[in-house]
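Okay, input_39.pdb now, which holds PDB, C-alpha atoms:
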```
ATOM      1  CA  MET A 237      68.474 133.116  83.819
ATOM      2  CA  SER A 238      65.210 134.472  85.262
ATOM      3  CA  LEU A 239      63.522 132.886  88.255
ATOM      4  CA  ALA A 240      60.734 131.540  86.054
ATOM      5  CA  MET A 241      63.169 129.836  83.702
ATOM      6  CA  LEU A 242      65.141 128.412  86.627
ATOM      7  CA  LEU A 243      61.915 127.042  88.101
ATOM      8  CA  LEU A 244      60.909 125.517  84.774
ATOM      9  CA  THR A 245      64.354 123.902  84.475
ATOM     10  CA  VAL A 246      63.943 122.266  87.890
ATOM     11  CA  ILE A 247      60.459 121.066  86.918
ATOM     12  CA  ALA A 248      61.789 119.644  83.642
ATOM     13  CA  VAL A 249      64.443 117.656  85.540
ATOM     14  CA  LEU A 250      61.830 116.339  87.981
ATOM     15  CA  ILE A 251      59.576 115.334  85.092
ATOM     16  CA  PHE A 252      62.463 113.592  83.342
ATOM     17  CA  PHE A 253      63.089 111.453  86.438
ATOM     18  CA  GLY A 254      59.382 110.697  86.866
ATOM     19  CA  VAL A 255      58.946 112.578  90.137
ATOM     20  CA  LEU A 256      55.954 114.595  88.914
ATOM     21  CA  GLU A 257      54.163 111.826  87.023
ATOM     22  CA  ARG A 258      51.187 111.796  89.393
ATOM     23  CA  VAL A 259      50.781 115.575  89.242
ATOM     24  CA  LEU A 260      50.844 115.525  85.444
ATOM     25  CA  ASP A 261      48.300 112.705  85.364
ATOM     26  CA  ARG A 262      45.933 114.828  87.451
ATOM     27  CA  MET A 263      46.424 117.685  84.985
ATOM     28  CA  ARG A 264      45.778 115.429  81.987
ATOM     29  CA  LEU A 265      49.324 115.890  80.671
ATOM     30  CA  THR A 266      51.893 113.291  79.672
ATOM     31  CA  ASP A 267      55.578 113.656  80.564
ATOM     32  CA  ARG A 268      56.399 114.259  76.909
ATOM     33  CA  ALA A 269      53.707 116.925  76.486
ATOM     34  CA  ALA A 270      54.846 118.721  79.648
ATOM     35  CA  LEU A 271      58.486 118.755  78.520
ATOM     36  CA  ILE A 272      57.472 120.077  75.102
ATOM     37  CA  LEU A 273      55.453 122.865  76.728
ATOM     38  CA  ILE A 274      58.391 123.830  78.948
ATOM     39  CA  ALA A 275      60.689 123.890  75.900
ATOM     40  CA  LEU A 276      58.183 126.063  74.033
ATOM     41  CA  MET A 277      58.015 128.477  76.971
ATOM     42  CA  PHE A 278      61.794 128.749  76.984
ATOM     43  CA  ILE A 279      61.892 129.395  73.243
ATOM     44  CA  GLY A 280      58.886 131.722  73.476
ATOM     45  CA  THR A 281      60.646 133.991  75.953
ATOM     46  CA  LEU A 282      63.506 134.434  73.454
ATOM     47  CA  ILE A 283      61.146 135.500  70.677
ATOM     48  CA  PRO A 284      60.315 139.227  70.516
ATOM     49  CA  ASN A 285      56.927 140.098  71.980
ATOM     50  CA  VAL A 286      53.965 140.537  69.662
ATOM     51  CA  THR A 287      52.865 144.167  69.884
ATOM     52  CA  LEU A 288      49.289 145.216  69.152
ATOM     53  CA  GLY A 289      48.882 148.904  69.819
ATOM     54  CA  ARG A 290      49.512 149.505  73.507
ATOM     55  CA  VAL A 291      49.556 145.773  74.274
ATOM     56  CA  SER A 292      52.739 143.670  74.151
ATOM     57  CA  ILE A 293      52.305 139.901  74.456
ATOM     58  CA  SER A 294      55.037 137.383  75.273
ATOM     59  CA  ILE A 295      54.694 134.015  73.538
ATOM     60  CA  GLY A 296      56.463 132.096  76.300
ATOM     61  CA  GLY A 297      55.214 134.091  79.263
ATOM     62  CA  ALA A 298      51.554 134.530  78.314
ATOM     63  CA  VAL A 299      50.355 132.788  75.142
ATOM     64  CA  ILE A 300      51.603 129.280  75.989
ATOM     65  CA  PRO A 301      50.534 129.346  79.689
ATOM     66  CA  LEU A 302      47.088 130.617  78.624
ATOM     67  CA  GLY A 303      46.968 127.894  75.977
ATOM     68  CA  VAL A 304      47.566 125.291  78.691
ATOM     69  CA  CYS A 305      44.725 126.840  80.710
ATOM     70  CA  VAL A 306      42.366 126.581  77.726
ATOM     71  CA  TYR A 307      43.367 122.919  77.305
ATOM     72  CA  LEU A 308      42.700 122.216  80.986
ATOM     73  CA  LEU A 309      39.308 123.912  80.789
ATOM     74  CA  ILE A 310      38.388 121.787  77.769
ATOM     75  CA  ARG A 311      39.460 118.627  79.625
ATOM     76  CA  ALA A 312      37.611 119.609  82.813
ATOM     77  CA  GLU A 313      35.460 116.876  84.304
ATOM     78  CA  SER A 314      32.362 119.042  84.752
ATOM     79  CA  VAL A 315      30.804 122.420  84.047
ATOM     80  CA  LYS A 316      31.070 123.076  87.783
ATOM     81  CA  GLU A 317      34.861 122.704  87.646
ATOM     82  CA  VAL A 318      35.045 125.109  84.698
ATOM     83  CA  ALA A 319      32.870 127.679  86.489
ATOM     84  CA  ARG A 320      34.856 127.340  89.730
ATOM     85  CA  SER A 321      38.156 127.768  87.879
ATOM     86  CA  LEU A 322      37.000 130.867  85.990
ATOM     87  CA  ILE A 323      35.412 132.488  89.047
ATOM     88  CA  GLY A 324      38.528 131.613  91.032
ATOM     89  CA  ALA A 325      40.711 133.223  88.347
ATOM     90  CA  VAL A 326      38.720 136.474  88.567
ATOM     91  CA  LEU A 327      38.916 136.480  92.370
ATOM     92  CA  THR A 328      42.649 135.689  92.264
ATOM     93  CA  GLY A 329      43.168 138.575  89.858
ATOM     94  CA  ALA A 330      41.223 140.896  92.157
ATOM     95  CA  ALA A 331      43.262 139.773  95.171
ATOM     96  CA  VAL A 332      46.611 140.226  93.406
ATOM     97  CA  TYR A 333      45.526 143.649  92.109
ATOM     98  CA  GLY A 334      44.443 144.638  95.618
ATOM     99  CA  LEU A 335      47.795 143.512  96.988
ATOM    100  CA  SER A 336      49.632 145.613  94.401
ATOM    101  CA  MET A 337      47.645 148.666  95.565
ATOM    102  CA  LEU A 338      48.637 148.100  99.190
ATOM    103  CA  LEU A 339      52.365 147.679  98.567
ATOM    104  CA  PRO A 340      54.841 150.570  98.090
ATOM    105  CA  ASP A 341      55.163 151.992  94.580
ATOM    106  CA  GLU A 342      58.942 151.606  94.590
ATOM    107  CA  PRO A 343      60.214 147.977  94.394
ATOM    108  CA  GLU A 344      63.250 148.976  96.478
ATOM    109  CA  GLU A 345      60.967 149.637  99.438
ATOM    110  CA  MET A 346      59.573 146.074  99.432
ATOM    111  CA  PHE A 347      61.043 143.274 101.519
ATOM    112  CA  MET A 348      61.210 140.987  98.459
ATOM    113  CA  ASP A 349      60.989 141.195  94.686
ATOM    114  CA  PRO A 350      57.408 142.277  93.824
ATOM    115  CA  ASN A 351      57.038 139.702  91.021
ATOM    116  CA  LEU A 352      58.034 136.937  93.427
ATOM    117  CA  LEU A 353      55.648 138.282  96.055
ATOM    118  CA  TYR A 354      52.753 138.519  93.593
ATOM    119  CA  GLY A 355      53.540 135.026  92.306
ATOM    120  CA  LEU A 356      53.554 133.501  95.783
ATOM    121  CA  ALA A 357      50.410 135.355  96.818
ATOM    122  CA  GLY A 358      48.681 134.442  93.571
ATOM    123  CA  GLY A 359      49.658 130.788  93.990
ATOM    124  CA  VAL A 360      48.291 130.556  97.533
ATOM    125  CA  ILE A 361      45.053 132.357  96.644
ATOM    126  CA  ALA A 362      44.657 130.282  93.492
ATOM    127  CA  TYR A 363      44.983 127.047  95.461
ATOM    128  CA  ILE A 364      42.364 128.155  97.993
ATOM    129  CA  LEU A 365      39.933 129.050  95.213
ATOM    130  CA  GLY A 366      40.825 126.408  92.634
ATOM    131  CA  ARG A 367      41.325 123.446  94.979
ATOM    132  CA  SER A 368      42.042 120.892  92.237
ATOM    133  CA  ARG A 369      45.430 120.804  90.500
ATOM    134  CA  ARG A 370      43.888 121.926  87.222
ATOM    135  CA  GLY A 371      41.736 124.624  88.798
ATOM    136  CA  ALA A 372      44.637 125.937  90.871
ATOM    137  CA  PHE A 373      46.871 126.295  87.816
ATOM    138  CA  ILE A 374      44.153 128.105  85.860
ATOM    139  CA  CYS A 375      43.449 130.472  88.754
ATOM    140  CA  GLY A 376      47.147 131.190  89.227
ATOM    141  CA  VAL A 377      47.992 131.922  85.601
ATOM    142  CA  VAL A 378      44.801 133.645  84.452
ATOM    143  CA  GLY A 379      44.418 135.533  87.739
ATOM    144  CA  VAL A 380      47.854 137.160  87.532
ATOM    145  CA  ILE A 381      47.328 138.122  83.884
ATOM    146  CA  LEU A 382      43.896 139.591  84.702
ATOM    147  CA  ALA A 383      45.503 141.669  87.474
ATOM    148  CA  ASP A 384      47.950 143.122  84.922
ATOM    149  CA  VAL A 385      45.091 143.897  82.525
ATOM    150  CA  VAL A 386      43.088 145.673  85.239
ATOM    151  CA  THR A 387      46.157 147.697  86.270
ATOM    152  CA  ALA A 388      46.669 148.823  82.676
ATOM    153  CA  LEU A 389      42.986 149.733  82.222
ATOM    154  CA  VAL A 390      43.030 151.807  85.414
ATOM    155  CA  ASN A 391      46.189 153.628  84.296
ATOM    156  CA  TRP A 392      44.772 154.311  80.845
ATOM    157  CA  ASN A 393      41.587 155.661  82.408
ATOM    158  CA  ARG A 394      43.764 158.054  84.450
ATOM    159  CA  GLY A 395      45.450 159.258  81.296
ATOM    160  CA  ILE A 396      48.701 157.359  81.879
ATOM    161  CA  ASP A 397      50.005 156.155  78.515
ATOM    162  CA  GLN A 398      51.598 152.937  79.770
ATOM    163  CA  GLN A 399      52.080 149.827  77.646
ATOM    164  CA  LEU A 400      50.386 146.643  78.837
ATOM    165  CA  VAL A 401      52.970 143.840  78.810
ATOM    166  CA  LEU A 402      51.504 140.353  79.168
ATOM    167  CA  GLY A 403      53.999 137.738  80.300
ATOM    168  CA  GLY A 404      57.107 139.725  79.506
ATOM    169  CA  ALA A 405      60.245 140.184  81.609
ATOM    170  CA  GLY A 406      59.537 139.835  85.340
ATOM    171  CA  ILE A 407      55.826 139.350  84.708
ATOM    172  CA  ALA A 408      56.635 135.923  83.271
ATOM    173  CA  ASP A 409      58.167 135.050  86.646
ATOM    174  CA  THR A 410      54.925 136.027  88.382
ATOM    175  CA  VAL A 411      52.767 133.977  86.000
ATOM    176  CA  VAL A 412      54.925 130.844  86.208
ATOM    177  CA  ILE A 413      55.496 131.061  89.974
ATOM    178  CA  SER A 414      51.799 131.595  90.659
ATOM    179  CA  GLY A 415      50.722 128.610  88.545
ATOM    180  CA  VAL A 416      53.422 126.283  89.883
ATOM    181  CA  ILE A 417      52.905 127.243  93.550
ATOM    182  CA  ALA A 418      49.148 126.732  93.184
ATOM    183  CA  VAL A 419      49.597 123.240  91.712
ATOM    184  CA  LEU A 420      52.225 122.205  94.264
ATOM    185  CA  LEU A 421      50.013 123.349  97.137
ATOM    186  CA  ALA A 422      47.058 121.446  95.676
ATOM    187  CA  GLU A 423      49.225 118.329  95.356
ATOM    188  CA  LEU A 424      50.729 118.630  98.836
ATOM    189  CA  VAL A 425      47.462 119.316 100.637
ATOM    190  CA  GLY A 426      45.642 116.735  98.512
ATOM    191  CA  GLU A 427      48.237 114.100  99.392
ATOM    192  CA  ILE A 428      47.977 114.906 103.113
ATOM    193  CA  ILE A 429      44.175 114.684 103.024
ATOM    194  CA  GLU A 430      44.296 111.386 101.129
ATOM    195  CA  ARG A 431      46.739 109.884 103.639
ATOM    196  CA  ILE A 432      44.611 111.005 106.579
ATOM    197  CA  SER A 433      41.553 109.552 104.866
ATOM    198  CA  ARG A 434      43.321 106.230 104.231
ATOM    199  CA  GLY A 435      44.520 106.164 107.840
ATOM    200  CA  ARG A 436      41.018 106.681 109.189
ATOM    201  CA  LYS A 437      39.628 104.072 106.825
ATOM    202  CA  GLY A 438      42.277 101.554 107.868
ATOM    203  CA  LYS A 439      41.625 102.267 111.541
ATOM    204  CA  SER A 440      37.878 101.892 111.045
ATOM    205  CA  GLU A 441      38.324  98.552 109.254
ATOM    206  CA  GLY A 442      40.636  97.357 112.019
ATOM    207  CA  GLU A 443      38.045  98.206 114.666
ATOM    208  CA  GLU A 444      35.336  96.371 112.719
ATOM    209  CA  GLN A 445      37.493  93.266 112.413
ATOM    210  CA  ALA A 446      38.252  93.385 116.141
TER
END
```
Show the structure stored in the file as structure tokens.
Amino acid sequence: MSLAMLLLTVIAVLIFFGVLERVLDRMRLTDRAALILIALMFIGTLIPNVTLGRVSISIGGAVIPLGVCVYLLIRAESVKEVARSLIGAVLTGAAVYGLSMLLPDEPEEMFMDPNLLYGLAGGVIAYILGRSRRGAFICGVVGVILADVVTALVNWNRGIDQQLVLGGAGIADTVVISGVIAVLLAELVGEIIERISRGRKGKSEGEEQA
């Protein structure tokens, strides 16, 4: 089982026990819808990729995650949130692409699996740029896919006949990890900020009553 599928399995269990209900509410998803999407991603990774010329697209690793991003953009609360998410996705893609240029060409020379590294980096960058749970997920998923597209375009321009694989094999790990890390960071930091805010408000009310 790949890292992405293992991560999705853990998330499915947490959803089943209601642990992630608040996160899903913020993302405008019900528990049932989230579980269905996870099941579709699992099934989608077992289906052969759709090949269009030099582009190979994974249903579970690219189409479904991008579909979720489109849904979140449609359900965005404002045009500003949509613009911030899309700009953040482009900047995340640029950052992940830049990171891939700085790292060694051979995966064996890296201190960790490159897909895991790109996923973690993409998730952190996506949170910083996306801020909200929805925006962070969009930045994480779309940003990583954009980085793969740019890499392929650069290679093709150099005369390298390399197939562009969207969401396939280890790339699916990067996409899923990036999106999940971004959302979890947004939730964690958001929760901390809310608690600090409530603490200050309670302290202020206490001082007024005194």
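Here atom CA of Arg311 of chain A stands at a distance of 15.5 Å from atom CA of Cys375 of chain A.
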Open item on the list: List as an MDAnalysis selection string the protein and nucleic acid residues near segment 416-423 of chain A, meaning an atom at most 9 Å away when all atoms listed in the file are counted, but skip any in the same chain fewer than 4 places from it.
Closed with: chainID A and resid 243 259 355:356 358:364 366:377 411:412 427:428
Task: Residues within 10 Å of Gly403 of chain A, only C-alpha atoms, excluding chain neighbours under 2 positions, as a VMD selection string - done: chain A and resid 281 285 292 to 301 377 380 to 381 384 400 to 401 405 to 412
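One finds atom CA of Val291 of chain A at 21.8 Å from atom CA of Ser414 of chain A.
When atom CA of Leu271 of chain A is paired with atom CA of Ser314 of chain A, their separation reads 26.9 Å.
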Task: Residue nearest Trp392 of chain A among A:Arg290, A:Glu257, A:Gly324, A:Val249 (counting all atoms listed in the file) - done: A:Arg290
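Closest approach to Phe278 of chain A among A:Met241, A:Ile251, A:Ile432, A:Ile413 is made by A:Met241 (distances from all atoms listed in the file).
If you measure from each of A:Ile274, A:Leu365, A:Val385, A:Ala240 to Ala325 of chain A using only C-alpha atoms, the closest one turns out to be A:Leu365.
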